[in-house]
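Q: Quick one: structure below, then a few questions.
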Amino acid sequence: MSHDITHDGVADHHDHDHKPKGFVKRWLMTTNHKDIGTLYLIFAFAMFILGGAMAMIIRLELFQPGLQFVEPDFFNQMTTMHALIMVFGAVMPAFVGLANWMIPMMIGAPDMALPRMNNWSFWILPFAFALLSSTLFMEGGAPAGGWTMYPPLVLQGGHNVAYLVFAVHLMGISSIMGAINVIATIMNMRAPNVGYLNMPLFVWTWLITAFLLIAVMPVLAGAVTMLLTDRYFDTSFFNAAGGGDPVLFQHIFWFFGHPEVYIMILPAFGVVSEIIPTFARKPLFGYVSMVYATAAIAFLSFIVWAHHMFSVGMPLGAELYFMYATMMIAVPTGVKIFNWVATMWKGSMTFETPMLFSLAFVILFTIGGFSGVMMALAPVDLQYHDTYFIVAHFHYVLVTGAVFAIIAGVYYWIPKWSGHMYNERLGKIHFWWSTISVNVLFFPQHFLGLAGMPRRIPDYSTQFAEFNMWSSIGGFAFGLAQVFFIYIVWKTVRGGEKATGQVWEGAKGLEWTVPSPAPHHTFEDFGPVDLDKMAHGKTH
Amino acid sequence: MKIVIILMLLFILFSLGSAMFYLVKGQGKSQNTVRFLTVRVVLSVLLFLFIILAAHMGWIETQQPAFLRP
Amino acid sequence: MSEASKDQYYVPHLAKWPIVGSVGLTVTVLGAINLLNSENPGTPWMLYLGFAIILLMMFGWFGEVIKESEDNLYNTQVDTSFRMGMIWFIFSEVMFFGAFFGALFYARTFSVPWLGGEGTGLSTNEVLWNGYEGVWPTNGPGDLGGRFELIDPYHLPLINTLLLLASSVTITIAHHALRANNRSQTIIWLIATVILGAVFLFYQAEEYIEAYRDLNLTLSSGIYGSTFFMLTGFHGMHVTLGAIMITIITIRVIRGHFRPESHFGFEAVAWYWHFVDVVWLGLFIFVYIL
Ligand code: HEM
Ligand SMILES: [Cu+2]
């Protein structure tokens, strides 16, 4: 090979065992999947704290009936921005971070398939959220029409509409490129002897998630583009006087929105499916059925969207169809829950922090699934819709679901990332602190919703006072627990007991065959791997 | 007649999709991509001719705003 | 550089263009936002600056990739990654167009008939829009934008359909010529394709001018104007993009890139052009004719 190929004009960085030096080279220009994974995780955590601070403002205002601390309009800005930041800034990037770190190591690939694009996917995000957050400091404030951006309300936002729309476009570009990378990596970069049905479940769930992302993020882009032209160019997509329909937006949005909630939960299923077998010291029960169930959920997620619109006035046939279709999702979801339980059955279990969070996931996510099935009943949803009941529902599936799985994943893999064990005692404290407080925070919201307290309103009638106070107390405690989590992570990264390559006694998978911390480059020769080391390799 | 047009459009989409499939599968060595693309061009030309014929024979009606209809 | 041999998956190091791209996107978007939000916008310098940065990024980035490709750093596996990237990107484009086609079908089959009193829309029609006839094409019961006429599909749009179809034929001929290793033929037919695409764009602009000036058909002509201009407009943007890509491909063929058995860049761009043409067929049928 010729020596004149000094792409990038730098000759010395081919020394593979060394990380590039200097902040700009190491982080701004990186193409390394581990560094990009780290960037994603740090960014997600920062957004989690920012979105969490907004949640604290919301719970503070709702601590007592009446208006105490913030203006109603600012309250609405908080609910809107909280949701947007948590969904697009915290949960999704956190899973992309886990994917970046783990997928290449789990399938024996040297890196992601398209490393330059990988860098770009990440580095769009800080700009997108800077744009979105900058509206907080502008005249007229941030978007306040809800994260669902329903017209005509959201179009009354003044100058922030354009910021909102373009920020969503940028996030969409980032997600689509990230998803393309994941698909190309999984389909094209498996070590030569790793077949699809040898792949860990985390890889499987991400493959399907990536497909969902590419399918629906462009639809969201289309929806917000129509918002933009309705607001600035006089089009009539969502204007009945021009022959359009505001409900059209809801259809397009939820065609994106329902798959989106599965984008946030399928990788969580994957994480938990890695952790439970490790600490039950048994192979995952029903691996193939897990794969099929994931695919079935993904398929169904495209044909149930209007369960978010039961109360908006749809033809009767549509109400019935969407009701039955939605209830069907509970079947593959149930398959998963039973498989996790069966994996633990007669296992020799230990309860390290990642396992604790995974167990809490199984139980609490199921509660969220149940309330989902309740709301899927069209006639009763007229009562639940837009109340605190649905707030409880989606926080059970998203906080004790997606976020708990992310936390479990961090505890599970941080020894591999940093080379240090976290402090088990502190981890357990974090677990019990979080799990108790999160239930104090969200469980009473079921009762509030059933009793009729509407969501997205800064004030409420006095009969709701007591449950709201409990909920706020739980909220502050949960928020504090996550600050404690930062401390635990920080301590682990800085030092602590050295981790072995295997880390967990019962863990199987290629990521445990490399040393801890994982070297900057792994599986560079791209040869066949030892299938016996994989959970679903030759032996099973 | 509308149904003929829509069916042909579906066929075109199918051959376009097949071409895409072989674009990835074939590694550029197989003839399949270019073959399916050729099929889809031929089909499109046929569809185009059919539309002209259908319009000429009055099989399909073109849209008009209500206030301009006879 | 020993490890950069063909039997290794090529992993580039130190990418400088992505961050440039992010800055470019952000500047573009900020420029657009300022343009939209200001009362009397002057020259949108910021927007232009953003476009310039993005163009710079594209030249730099593609240049790097093309150089690596011509230096033989990519093995077939890298090639496959690029192919997958391309098809999944196109899939995302399909879904983007899908949103707008979906809006079109929704308006035609649901919202307009409902406003006209069909189904559950009876009382809406009686009380709010009495006398409104819900038939497509329409600018809605509010008669937004005033009465308008339609583009006659059998004049400019027909010519445009012919032009794009012809351009698909020419690029297919170029494709066959490249496989037969006939470079001069390839170049000629590629240039023909670009010219046909450019003429298409010219007529499309012509059509918009006619719509605005003579027919009073504008973006604000209710749902018809909205779907008409957004669908054809986004399509036009894709034709522009495709034509630029074909130009780049042509230059590469002139420089002697691509071989009969390995020409992914060419195939991907050709496929993209076919895709853009098929979208146009869909538009011609569902927007202009039926
Ligand atoms: C068995 C599975 C599930 C069923 C049957 C279900 C059903 C529903 C229904 C019917 C609603 C609409 C309620 C209303 O607006 O009146 C809803 C809302 C919601 N669900 Fe679920 N759900 C399920 C699982 C999930 C999961 C796994 C997630 C996320 C990880 C999720 C996240 C959400 C969110 C975020 C909303 C509220 C959206 C909003 O209006 O802001 N759901 N769910
Ligand atoms: Cu849903």
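Scheme for the structure tokens: letters A, B, ... for chains in order shown; per-chain residue numbers from 1; ligand numbers from 1 in order shown.
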Please check which protein, DNA or RNA residues sit within 9 Å of ligand 2, counting only C-alpha atoms and all ligand atoms, and write them as a ChimeraX atom specification.

A: /A:254,257-262,301,304-308,326,372,376

Q: Save the residues we just selected, C-alpha atoms, as a compact mmCIF listing (two decimals), in the first residue's frame?

A:
# COMPACT_ATOMS: atom_id res chain seq x y z
CA TRP A 254 -49.13 9.00 16.30
CA GLY A 257 -45.57 8.27 18.08
CA HIS A 258 -46.63 4.76 18.87
CA PRO A 259 -43.64 3.08 17.20
CA GLU A 260 -41.62 5.74 19.00
CA VAL A 261 -42.65 4.42 22.41
CA TYR A 262 -41.44 0.99 21.27
CA SER A 301 -46.82 -0.94 16.69
CA VAL A 304 -52.44 0.76 16.57
CA TRP A 305 -51.63 4.46 16.54
CA ALA A 306 -55.13 5.84 16.92
CA HIS A 307 -55.52 4.45 20.45
CA HIS A 308 -54.15 7.86 21.37
CA THR A 326 -54.03 -2.42 20.62
CA GLY A 372 -52.06 0.43 28.99
CA ALA A 376 -56.91 0.50 25.23

Q: Pull out every residue of chain C sitting within 9 Å of chain B, counting only C-alpha atoms, and send them as a ChimeraX atom specification.

A: /C:76,79-81,83-84,87,133-139,147-150,153-154,161-162,165-166,168-169,172-173,175-176,260-264,267-268,271,274-275,278,281-282,285,288-290

Q: Determine which residues of chain A sit within 12 Å of chain B, taking into account only C-alpha atoms, and present them as a list of chain:residue names.

A: A:Ala184, A:Met187, A:Asn188

Q: For segment 358-367 of chain A, please output as a PyMOL selection string all residues within 6 Å (counting only C-alpha atoms; exclusion window: fewer than 3 positions along the same chain).

A: chain A and resi 272+355+370+396-397+400-401

Q: Any idea which chain C residues end up within 7 Å of chain A if we count only C-alpha atoms, as JSON, numbers by chain please?

A: {"C": [1, 2, 5, 11, 12, 13, 14, 15, 16, 18, 19, 22, 26, 29, 33, 36, 37, 81, 84, 85, 88, 92, 95, 96, 99, 100, 107, 111, 112, 138, 139, 140, 141, 142, 143, 144, 219, 220, 222, 223, 226]}

Q: When DSSP is applied to the backbone of this structure, which of segment 260-292 of chain A are assigned alpha helix (DSSP H)? Write them out as a list in words.

A: Glu260, Val261, Tyr262, Ile263, Met264, Ile265, Leu266, Pro267, Ala268, Phe269, Gly270, Val271, Val272, Ser273, Glu274, Ile275, Ile276, Pro277, Thr278, Phe279, Ala280, Tyr287, Val288, Ser289, Met290, Val291 and Tyr292 of chain A

Q: For Gly52 of chain A, which residue among A:Phe357, A:Leu441, A:Met86, A:Thr148 is the nearest when counting only C-alpha atoms?

A: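 Using only C-alpha atoms, Gly52 of chain A sits closest to A:Met86.
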
Q: What does the structure give for the distance between atom CA of Ser175 of chain A and atom CA of Ile263 of chain A, in Å to one decimal?

A: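 Going from atom CA of Ser175 of chain A over to atom CA of Ile263 of chain A, I get 10.9 Å.
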
Q: Using only C-alpha atoms for the distances, tell me which of C:Ile66, C:Ile246, C:Leu73, C:Ile254 is nearest to Asn182 of chain C.

A: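 Ranking C:Ile66, C:Ile246, C:Leu73, C:Ile254 by distance to Asn182 of chain C, first place goes to C:Ile254.
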
Q: Give me the residues near Ser273 of chain A as a ChimeraX atom specification, where near means some atom within 10 Å (using only C-alpha atoms) and where sequence neighbours in that chain fewer than 3 positions away do not count.

A: /A:200-202,205,267-270,276-278,283-285,287,290,336,339-340,343,358

Q: Would you please work out which residue, of A:Tyr412, A:Phe322, A:Phe484, A:Tyr292, is nearest to ligand 1 when using only C-alpha atoms and all ligand atoms?

A: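 Ranked by minimum distance to ligand 1, first place goes to A:Phe322.
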
Q: Could you tell me how far atom CA of Ile244 of chain C sits from atom CA of Ser184 of chain C, in Å to one decimal place?

A: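 For atom CA of Ser184 of chain C relative to atom CA of Ile244 of chain C, the distance reads 20.0 Å.
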